[in-house]
>>> print(open('work-v1.cif').read())   # mmCIF, C-alpha atoms
data_target
loop_
_atom_site.label_atom_id
_atom_site.label_comp_id
_atom_site.auth_asym_id
_atom_site.auth_seq_id
_atom_site.Cartn_x
_atom_site.Cartn_y
_atom_site.Cartn_z
CA MET G 1 12.28 88.10 19.91
CA THR G 2 13.30 85.00 18.05
CA ASP G 3 11.33 81.88 18.45
CA LYS G 4 13.60 79.26 20.06
CA TYR G 5 12.51 76.47 17.68
CA THR G 6 12.55 78.17 14.37
CA ASN G 7 14.70 81.20 14.78
CA ARG G 8 11.79 82.88 13.24
CA ASN G 9 11.18 86.44 14.00
CA ASP G 10 8.39 86.49 16.50
CA SER G 11 6.84 89.33 14.66
CA LEU G 12 5.16 86.74 12.45
CA GLY G 13 4.08 84.66 15.37
CA ASN G 14 1.01 86.30 16.72
CA LEU G 15 -0.16 82.77 17.56
CA GLN G 16 -0.48 81.77 21.14
CA ASP G 17 2.49 79.92 22.66
CA GLY G 18 0.36 76.88 23.25
CA LEU G 19 -0.06 76.41 19.48
CA HIS G 20 3.67 75.92 19.04
CA SER G 21 3.62 72.71 21.04
CA ASN G 22 3.21 69.21 19.46
CA PRO G 23 -0.37 68.09 19.99
CA PHE G 24 0.42 64.39 19.28
CA ALA G 25 1.24 61.86 21.97
CA VAL G 26 2.91 58.38 21.94
CA PRO G 27 2.49 55.38 24.26
CA ASP G 28 4.60 55.33 27.39
CA GLY G 29 8.14 54.11 26.75
CA TYR G 30 7.67 54.14 22.98
CA PHE G 31 10.90 55.79 22.05
CA GLU G 32 12.84 53.78 24.61
CA ASP G 33 11.66 50.52 22.97
CA LEU G 34 11.64 51.71 19.37
CA ALA G 35 15.18 50.74 18.48
CA LYS G 36 14.82 47.31 20.04
CA SER G 37 11.47 46.49 18.36
CA SER G 38 12.71 47.70 14.95
CA LEU G 39 15.74 45.44 15.13
CA LEU G 40 13.56 42.51 16.17
CA ARG G 41 11.25 43.00 13.19
CA ILE G 42 14.15 43.13 10.82
CA LYS G 43 15.50 39.87 12.23
CA LEU G 44 12.10 38.16 11.99
CA ARG G 45 11.71 39.18 8.37
CA GLN G 46 15.16 37.82 7.58
CA ASP G 47 14.37 34.54 9.34
CA MET G 48 11.11 34.13 7.41
CA ASP G 49 12.76 34.77 4.07
CA GLU G 50 15.53 32.27 4.76
CA GLY G 51 13.23 29.55 6.18
CA LEU G 52 10.82 29.26 3.29
CA THR G 53 11.86 27.24 0.29
CA VAL G 54 10.17 25.84 -2.78
CA PRO G 55 10.77 22.57 -4.65
CA ASN G 56 13.26 22.66 -7.49
CA GLY G 57 11.75 23.99 -10.68
CA TYR G 58 8.59 25.08 -8.92
CA PHE G 59 8.29 28.46 -10.56
CA ASP G 60 9.26 27.03 -13.96
CA ASN G 61 6.12 24.89 -13.98
CA LEU G 62 3.81 27.08 -11.95
CA SER G 63 2.33 28.92 -14.89
CA GLU G 64 1.43 25.72 -16.72
CA ASP G 65 0.08 24.14 -13.54
CA ILE G 66 -2.22 27.10 -13.00
CA GLN G 67 -3.39 27.07 -16.61
CA ALA G 68 -4.12 23.35 -16.45
CA ARG G 69 -6.03 23.90 -13.25
CA ILE G 70 -8.10 26.65 -14.85
CA ARG G 71 -8.87 24.43 -17.86
CA THR G 72 -9.85 21.59 -15.54
CA GLU G 73 -12.22 23.81 -13.59
CA GLU G 74 -13.81 25.06 -16.82
CA LEU G 75 -14.24 21.49 -18.05
CA LYS G 76 -15.72 20.43 -14.72
CA ASP G 77 -18.29 23.21 -15.01
CA SER G 78 -19.81 21.29 -17.88
CA VAL G 79 -18.69 17.72 -17.12
CA ALA G 80 -18.21 16.98 -13.43
CA VAL G 81 -19.05 13.26 -13.54
CA SER G 82 -18.53 10.57 -16.15
CA GLY G 83 -22.17 9.76 -16.94
CA MET G 84 -21.60 6.07 -16.32
CA GLU G 85 -24.12 4.13 -14.25
CA VAL G 86 -24.38 0.82 -12.44
CA PRO G 87 -27.31 -1.58 -12.16
CA SER G 88 -29.72 -0.76 -9.39
CA GLY G 89 -28.52 -2.12 -6.01
CA TYR G 90 -25.11 -3.11 -7.38
CA PHE G 91 -22.98 -1.63 -4.64
CA GLU G 92 -25.32 -2.78 -1.87
CA GLY G 93 -24.70 -6.37 -2.88
CA LEU G 94 -21.08 -6.08 -3.94
CA SER G 95 -19.46 -6.76 -0.56
CA ALA G 96 -21.41 -9.98 -0.07
CA LYS G 97 -20.61 -11.07 -3.62
CA LEU G 98 -16.91 -10.40 -3.13
CA MET G 99 -16.77 -12.25 0.19
CA THR G 100 -18.47 -15.24 -1.42
CA ALA G 101 -15.97 -15.17 -4.27
CA ILE G 102 -13.10 -14.99 -1.78
CA ARG G 103 -14.40 -17.93 0.26
CA ASP G 104 -14.86 -19.95 -2.94
CA THR G 105 -11.36 -19.10 -4.07
CA ASP G 106 -9.89 -20.14 -0.74
CA LYS G 107 -11.58 -23.51 -1.07
CA ASP G 108 -10.68 -24.16 -4.67
CA VAL G 109 -7.28 -22.72 -5.27
CA VAL G 110 -4.64 -25.26 -6.16
CA LEU G 111 -1.32 -23.97 -7.28
CA PRO G 112 -0.51 -25.54 -10.65
CA SER G 113 2.45 -27.81 -10.42
CA MET G 114 5.58 -27.29 -12.40
CA PRO G 115 5.90 -29.67 -15.33
CA PRO G 116 8.32 -32.51 -14.63
CA PRO G 117 11.77 -31.64 -15.88
CA VAL G 118 12.72 -33.31 -19.10
CA VAL G 119 15.51 -35.76 -18.40
CA LYS G 120 17.33 -37.17 -21.33
CA ARG G 121 18.17 -40.79 -20.67
CA MET G 122 21.61 -41.88 -21.61
CA ARG G 123 22.87 -45.43 -21.94
CA THR G 124 24.75 -46.48 -18.82
CA ARG G 125 28.10 -47.00 -20.47
CA GLN G 126 27.98 -43.68 -22.30
CA TRP G 127 27.75 -41.46 -19.19
CA LEU G 128 30.70 -42.92 -17.32
CA PRO G 129 33.45 -41.06 -19.22
CA TYR G 130 31.47 -37.81 -18.94
CA ALA G 131 31.04 -38.27 -15.19
CA ALA G 132 34.73 -38.96 -14.73
CA ALA G 133 35.70 -35.92 -16.76
CA SER G 134 33.26 -33.73 -14.80
CA LEU G 135 34.68 -34.89 -11.47
CA LEU G 136 38.20 -34.21 -12.61
CA MET G 137 37.29 -30.72 -13.81
CA LEU G 138 35.48 -30.03 -10.59
CA ALA G 139 38.45 -31.10 -8.51
CA LEU G 140 40.86 -29.02 -10.55
CA GLY G 141 38.56 -26.00 -10.51
CA LEU G 142 37.94 -26.21 -6.80
CA GLY G 143 41.60 -26.57 -6.05
CA THR G 144 42.44 -23.57 -8.19
CA TYR G 145 39.66 -21.50 -6.67
CA LEU G 146 40.63 -22.34 -3.12
CA GLY G 147 44.30 -21.76 -3.83
CA VAL G 148 43.76 -18.40 -5.47
CA ASN G 149 40.88 -16.97 -3.52
CA LEU G 150 41.59 -18.08 -0.02
CA SER G 151 44.80 -16.14 -0.13
CA ASP G 152 43.15 -13.07 -1.64
CA PRO G 153 42.34 -10.51 1.06
CA ASN G 154 39.32 -9.29 -0.91
CA THR G 155 37.86 -12.79 -1.05
CA ILE G 156 38.53 -13.28 2.62
CA ALA G 157 36.74 -9.99 3.31
CA ALA G 158 33.85 -11.01 1.06
CA ASN G 159 33.56 -14.36 2.77
CA ASP G 160 33.61 -12.68 6.15
CA HIS G 161 30.86 -10.38 4.95
CA LEU G 162 28.85 -13.35 3.73
CA GLN G 163 29.29 -15.00 7.11
CA ALA G 164 27.70 -11.94 8.67
CA VAL G 165 24.53 -12.37 6.55
CA PRO G 166 21.91 -14.44 8.38
CA ASP G 167 21.19 -17.84 6.87
CA GLN G 168 17.48 -17.08 6.59
CA GLU G 169 18.24 -14.04 4.46
CA ILE G 170 20.31 -16.13 2.07
CA ILE G 171 17.56 -18.74 1.90
CA SER G 172 14.93 -16.04 1.17
CA TYR G 173 17.14 -14.59 -1.56
CA LEU G 174 17.54 -18.00 -3.20
CA GLU G 175 13.81 -18.69 -2.87
CA LEU G 176 13.05 -15.36 -4.54
CA TYR G 177 15.08 -16.32 -7.60
CA ALA G 178 13.58 -19.77 -7.68
CA GLU G 179 10.14 -18.17 -7.58
CA ALA G 180 11.14 -15.67 -10.25
CA ASP G 181 11.87 -18.56 -12.59
CA TYR G 182 8.54 -20.09 -11.62
CA MET G 183 6.76 -16.84 -12.35
CA LEU G 184 8.58 -16.36 -15.64
CA TYR G 185 7.62 -19.87 -16.70
CA HIS G 186 3.95 -19.11 -16.17
CA ALA G 187 4.12 -15.66 -17.71
CA THR G 188 5.53 -17.11 -20.91
CA HIS G 189 3.41 -20.24 -21.03
CA ASP G 190 0.11 -18.40 -20.79
CA THR G 191 -1.35 -20.52 -18.02
CA ASN G 192 -4.21 -19.20 -15.94
CA LEU G 193 -2.36 -16.47 -14.11
CA ASP G 194 -5.23 -15.69 -11.80
CA GLU G 195 -4.58 -18.70 -9.66
CA TRP G 196 -0.91 -18.97 -9.04
CA VAL G 197 -0.40 -15.57 -7.37
CA GLY G 198 -0.84 -16.76 -3.86
CA GLU G 199 0.64 -16.44 -0.45
CA GLY G 200 4.28 -15.67 0.08
CA PHE G 201 4.72 -13.19 -2.81
CA SER G 202 5.84 -9.74 -1.83
CA GLU G 203 4.46 -6.50 -3.23
CA GLU G 204 7.55 -6.23 -5.46
CA ASP G 205 6.93 -9.74 -6.82
CA ILE G 206 3.39 -8.80 -7.71
CA GLU G 207 4.53 -5.59 -9.35
CA ALA G 208 7.21 -7.39 -11.34
CA TYR G 209 4.63 -9.95 -12.47
CA PHE G 210 2.28 -7.22 -13.61
CA ASN G 211 5.05 -5.44 -15.49
CA ASP G 212 5.99 -8.69 -17.20
CA THR G 213 2.47 -9.39 -18.30
CA LEU G 214 1.62 -5.81 -19.45
CA MET K 1 -11.98 3.39 9.75
CA GLU K 2 -8.24 3.92 9.60
CA ASP K 3 -6.25 1.59 7.36
CA ALA K 4 -3.85 0.79 10.18
CA HIS K 5 -6.79 -0.38 12.28
CA ILE K 6 -8.14 -2.56 9.45
CA LEU K 7 -4.71 -4.14 8.99
CA LYS K 8 -4.43 -4.81 12.70
CA ILE K 9 -7.79 -6.61 12.75
CA PHE K 10 -6.89 -8.44 9.55
CA ALA K 11 -3.69 -9.74 11.16
CA ASN K 12 -5.81 -11.79 13.54
CA GLU K 13 -7.07 -14.86 11.70
CA LYS K 14 -10.29 -14.92 13.69
CA THR K 15 -11.25 -11.40 12.66
CA ARG K 16 -9.82 -11.49 9.17
CA GLU K 17 -13.11 -11.62 7.35
CA GLU K 18 -14.55 -8.85 9.46
CA ALA K 19 -11.55 -6.66 8.64
CA PHE K 20 -11.85 -7.45 4.97
CA ALA K 21 -15.51 -6.55 4.98
CA MET K 22 -14.53 -3.15 6.39
CA LEU K 23 -11.90 -2.76 3.70
CA LEU K 24 -14.46 -3.59 1.03
CA GLU K 25 -16.94 -1.06 2.39
CA LYS K 26 -14.23 1.56 2.36
CA TYR K 27 -12.73 0.97 -1.07
CA GLN K 28 -15.02 -1.06 -3.29
CA GLN K 29 -16.75 1.88 -4.96
CA LYS K 30 -13.56 3.84 -5.53
CA ILE K 31 -11.84 0.84 -7.02
CA TYR K 32 -14.89 -0.11 -9.09
CA TRP K 33 -15.08 3.33 -10.67
CA HIS K 34 -11.36 3.47 -11.23
CA ILE K 35 -11.62 0.20 -13.16
CA ARG K 36 -14.86 1.11 -14.88
CA ARG K 37 -13.50 4.35 -16.27
CA LEU K 38 -10.69 2.36 -17.83
CA VAL K 39 -12.61 -0.58 -19.24
CA ILE K 40 -15.92 1.22 -19.84
CA ASP K 41 -18.17 -1.86 -19.71
CA HIS K 42 -19.90 -2.61 -16.39
CA ASP K 43 -19.68 -6.41 -16.68
CA ASP K 44 -15.96 -6.26 -17.42
CA ALA K 45 -15.49 -3.90 -14.48
CA ASP K 46 -17.51 -6.23 -12.27
CA ASP K 47 -15.28 -9.19 -13.13
CA LEU K 48 -12.14 -7.18 -12.63
CA VAL K 49 -13.16 -5.72 -9.29
CA GLN K 50 -13.68 -9.25 -8.01
CA ASP K 51 -10.29 -10.33 -9.34
CA VAL K 52 -8.66 -7.32 -7.72
CA PHE K 53 -10.13 -7.89 -4.29
CA ILE K 54 -9.36 -11.59 -4.40
CA LYS K 55 -5.71 -10.66 -5.03
CA VAL K 56 -5.89 -8.11 -2.22
CA TRP K 57 -7.27 -10.79 0.10
CA LYS K 58 -4.51 -13.20 -0.79
CA ASN K 59 -1.69 -10.71 -0.42
CA LEU K 60 -2.83 -8.35 2.30
CA ALA K 61 -1.10 -10.34 5.02
CA GLY K 62 2.21 -9.64 3.30
CA PHE K 63 1.49 -5.98 2.66
CA ARG K 64 4.38 -3.90 3.91
CA GLU K 65 3.23 -0.55 5.11
CA ASP K 66 5.88 1.36 3.20
CA ALA K 67 3.13 2.52 0.84
CA GLN K 68 -0.39 3.61 1.56
CA LEU K 69 -2.92 0.79 1.50
CA TYR K 70 -5.25 2.40 -0.96
CA THR K 71 -2.48 3.26 -3.44
CA TRP K 72 -1.41 -0.39 -3.22
CA ILE K 73 -4.96 -1.52 -4.01
CA TYR K 74 -5.19 1.10 -6.77
CA ARG K 75 -1.97 -0.25 -8.25
CA ILE K 76 -3.33 -3.78 -8.34
CA ALA K 77 -6.56 -2.52 -9.90
CA THR K 78 -4.65 -0.46 -12.46
CA ASN K 79 -2.44 -3.32 -13.50
CA GLU K 80 -5.34 -5.77 -13.70
CA SER K 81 -7.26 -3.31 -15.87
CA LEU K 82 -4.35 -2.60 -18.20
CA THR K 83 -3.67 -6.34 -18.52
CA PHE K 84 -7.33 -6.89 -19.33
CA LEU K 85 -7.28 -4.18 -21.99
CA LYS K 86 -4.13 -5.61 -23.51
CA ARG K 87 -5.76 -9.05 -23.78
CA LYS K 88 -8.89 -7.48 -25.24
CA LYS K 89 -6.78 -5.85 -27.95
CA GLN K 90 -5.07 -9.17 -28.64
CA ARG K 91 -8.42 -10.95 -28.91
CA GLN K 92 -9.56 -8.32 -31.38
CA ASN K 93 -6.32 -8.66 -33.33
CA LEU K 94 -5.48 -5.05 -32.76
CA SER K 95 -1.95 -3.74 -32.81
CA LEU K 96 -0.45 -3.40 -29.35
CA ASP K 97 1.65 -0.53 -30.70
CA ASP K 98 -1.43 1.65 -30.95
CA ASP K 99 -1.82 2.67 -27.32
CA SER K 100 -5.00 4.70 -27.75
CA SER K 101 -8.28 3.30 -26.51
CA SER K 102 -10.30 3.99 -29.64
CA TYR K 103 -11.23 0.29 -29.80
CA LEU K 104 -13.39 0.94 -26.73
CA ALA K 105 -15.55 3.47 -28.56
CA GLU K 106 -17.90 0.70 -29.64
CA THR K 107 -18.13 -0.54 -26.05
CA LEU K 108 -19.07 2.98 -24.99
CA GLU K 109 -21.83 3.13 -27.58
CA ASP K 110 -23.13 -0.34 -26.75
CA THR K 111 -23.07 -0.21 -22.99
CA SER K 112 -26.48 0.04 -21.40
CA TYR K 113 -25.07 1.64 -18.30
CA PHE K 114 -24.26 5.04 -19.67
CA ASN K 115 -26.76 7.78 -19.09
CA GLY K 116 -24.66 10.85 -19.59
CA ASN K 117 -25.56 14.02 -21.41
CA ASP K 118 -23.89 15.09 -24.65
CA ALA K 119 -21.01 16.77 -22.87
CA GLN K 120 -20.32 13.70 -20.75
CA LEU K 121 -20.43 11.45 -23.80
CA LYS K 122 -18.11 13.80 -25.65
CA LEU K 123 -15.66 13.75 -22.74
CA GLN K 124 -15.62 9.95 -22.73
CA GLN K 125 -15.07 9.93 -26.48
CA ALA K 126 -12.26 12.44 -26.09
CA LEU K 127 -10.67 10.31 -23.38
CA LEU K 128 -10.71 7.27 -25.63
CA THR K 129 -8.47 9.08 -28.10
CA LEU K 130 -5.75 9.40 -25.46
CA PRO K 131 -3.00 6.84 -24.86
CA GLU K 132 -4.11 4.41 -22.18
CA LYS K 133 -1.71 5.55 -19.51
CA GLN K 134 -2.49 9.19 -20.18
CA ARG K 135 -6.19 8.41 -19.87
CA LEU K 136 -5.44 6.61 -16.64
CA VAL K 137 -3.61 9.63 -15.20
CA PHE K 138 -6.37 11.97 -16.33
CA ASN K 139 -9.05 9.84 -14.67
CA MET K 140 -7.20 9.71 -11.37
CA LYS K 141 -6.61 13.46 -11.35
CA TYR K 142 -9.89 14.68 -12.78
CA PHE K 143 -12.47 12.25 -11.42
CA ASP K 144 -10.74 10.88 -8.31
CA ASP K 145 -9.05 14.16 -7.32
CA MET K 146 -5.90 12.32 -6.42
CA LYS K 147 -2.72 14.26 -5.71
CA TYR K 148 0.19 13.81 -8.06
CA ASP K 149 2.21 12.15 -5.28
CA GLU K 150 -0.51 9.54 -4.88
CA ILE K 151 -0.79 8.95 -8.62
CA SER K 152 2.98 8.59 -8.74
CA GLU K 153 2.77 5.79 -6.15
CA VAL K 154 0.14 4.03 -8.26
CA VAL K 155 1.75 4.19 -11.68
CA GLY K 156 5.40 4.46 -10.68
CA THR K 157 6.04 7.60 -12.73
CA SER K 158 7.59 10.83 -11.50
CA VAL K 159 5.38 13.73 -10.46
CA GLY K 160 6.88 15.93 -13.16
CA ALA K 161 6.05 13.44 -15.89
CA LEU K 162 2.53 13.03 -14.52
CA LYS K 163 1.93 16.77 -14.53
CA ALA K 164 3.15 17.01 -18.10
CA SER K 165 0.94 14.09 -19.10
CA TYR K 166 -2.11 15.59 -17.43
CA HIS K 167 -1.56 19.04 -18.89
CA LEU K 168 -1.26 17.54 -22.34
CA ALA K 169 -4.38 15.45 -21.81
CA VAL K 170 -6.40 18.50 -20.84
CA LYS K 171 -5.22 20.36 -23.94
CA LYS K 172 -6.10 17.42 -26.19
CA ILE K 173 -9.56 17.19 -24.67
CA GLU K 174 -10.12 20.91 -25.15
CA HIS K 175 -9.02 20.57 -28.73
CA PHE K 176 -11.40 17.61 -29.20
CA PHE K 177 -14.26 19.65 -27.82
CA ASP K 178 -13.42 22.61 -30.07
CA LYS K 179 -13.07 20.36 -33.11
CA THR K 180 -16.41 18.63 -32.57
CA ASP K 181 -18.47 21.68 -31.64
#
>>> encode(input="work-v1.cif", output="structure tokens")
Amino acid sequence: MTDKYTNRNDSLGNLQDGLHSNPFAVPDGYFEDLAKSSLLRIKLRQDMDEGLTVPNGYFDNLSEDIQARIRTEELKDSVAVSGMEVPSGYFEGLSAKLMTAIRDTDKDVVLPSMPPPVVKRMRTRQWLPYAAASLLMLALGLGTYLGVNLSDPNTIAANDHLQAVPDQEIISYLELYAEADYMLYHATHDTNLDEWVGEGFSEEDIEAYFNDTL
Amino acid sequence: MEDAHILKIFANEKTREEAFAMLLEKYQQKIYWHIRRLVIDHDDADDLVQDVFIKVWKNLAGFREDAQLYTWIYRIATNESLTFLKRKKQRQNLSLDDDSSSYLAETLEDTSYFNGNDAQLKLQQALLTLPEKQRLVFNMKYFDDMKYDEISEVVGTSVGALKASYHLAVKKIEHFFDKTD
């Protein structure tokens, strides 16, 4: 008699029938869900691979970053701190000292005034021809400008754009350049720079000042 | 105390000093050490830390929160320190083209507020052979454990350039240690 599973001649199978059966079991519904759960895992893996990115050039520098980190850790094993010290009680008193300095500065600060502009005096008769010539040039220039530009669509568009800019913004822009000249004057004339950086200067102003004086 | 909270209290004129006292408590040591590691001498650092916080006081009202407060303060401290060192070089008639800090070696030897062991002294000596800005970057990374992004905000240099600078600094220091062993 041939075994129905193996076509094997039963003459070899003196084993009991029960030993032909599969002794292993699976959870209920396992095979029904297997296809669905396999597909879901595949999709999740794909999603994870596509979602994760690294900064440009990351792997190019990674090796050197790791080596530098290792060297740093080795150095820190022998030198973790600088060895520098401060006088006893220094930090305990520092806040009070700084607040006192700030209060003193608030009382004493006086922004240095700009030097008076140098005005070259001219004799009365000598300036009249120059004034007349200037007025004539101004009139001619203005007429030309108005004639050319007012008809130019680009100028009209630019003027319209300028109209859209708030007056305060224009004033701030002009003030910034006036202050830049003020700052440049002091940077080049080596006055006491500690006192003129006061209120009204933005972070960019301060940074520009520092870059100028470095 | 969160920086945003300090700034909020500072915005009120009546509580301005109280807010500034909180800011000082929070940052004075960090800023002091940042300056001190650059200028070496305690008295110079003491003067500079006062100058820095006076500038912070005067300009904090206008601080725009597009950067972190402490990187802003660090930037002021950095620039004040570098300006100080530049003037020190000028007073000593040293060339401004030589951007190493070797002229500070004497300050390191003379300062009474250094109590480090041989290794610590050697590290400071090694650091003084570096260009100033490289030394600055090294200090912020090694001693202050700042992230490259934060250092970039302070010095205005790209993260890539900072990493390269730091890696090179570490190699130079290793070489210094090997050479002087």
>>> interface_residues(input="work-v1.cif", of="chain G", to="chain K", cutoff="6 Å", atoms="all atoms listed in the file", output="number ranges by chain")
G: 68, 79, 82-86, 98, 102, 198, 214
>>> atom_distance(input="work-v1.cif", atom1="atom CA of Leu75 of chain G", atom2="atom CA of Asp44 of chain K")
27.8 Å
>>> closest_residue(input="work-v1.cif", among="K:Leu127, K:Glu153, K:Asn93, K:Phe138", to="Phe176 of chain K", atoms="only C-alpha atoms")
K:Leu127
>>> atom_distance(input="work-v1.cif", atom1="atom CA of Phe91 of chain G", atom2="atom CA of Ala11 of chain K")
26.2 Å
>>> atom_distance(input="work-v1.cif", atom1="atom CA of Asp149 of chain K", atom2="atom CA of Thr53 of chain G")
18.8 Å
>>> closest_residue(input="work-v1.cif", among="G:Lys76, G:Met99, G:Tyr90, G:Phe24", to="Ala19 of chain K", atoms="all atoms listed in the file")
G:Met99
>>> resolve_selection(input="work-v1.cif", expression="the PyMOL selection byres ((chain K and resi 100) around 12)", output="list of chain:residue names")
K:Leu38, K:Leu85, K:Lys86, K:Lys89, K:Leu94, K:Ser95, K:Leu96, K:Asp97, K:Asp98, K:Asp99, K:Ser101, K:Ser102, K:Tyr103, K:Leu104, K:Ala105, K:Gln125, K:Ala126, K:Leu127, K:Leu128, K:Thr129, K:Leu130, K:Pro131, K:Glu132, K:Lys133, K:Gln134, K:Arg135, K:Leu136
>>> closest_residue(input="work-v1.cif", among="K:Glu150, K:Asp145, K:Glu18, K:Asp181", to="Thr71 of chain K", atoms="all atoms listed in the file")
K:Glu150
>>> closest_residue(input="work-v1.cif", among="G:Ile42, G:Thr100, G:Pro23, G:Asn61", to="Ala161 of chain K", atoms="all atoms listed in the file")
G:Asn61
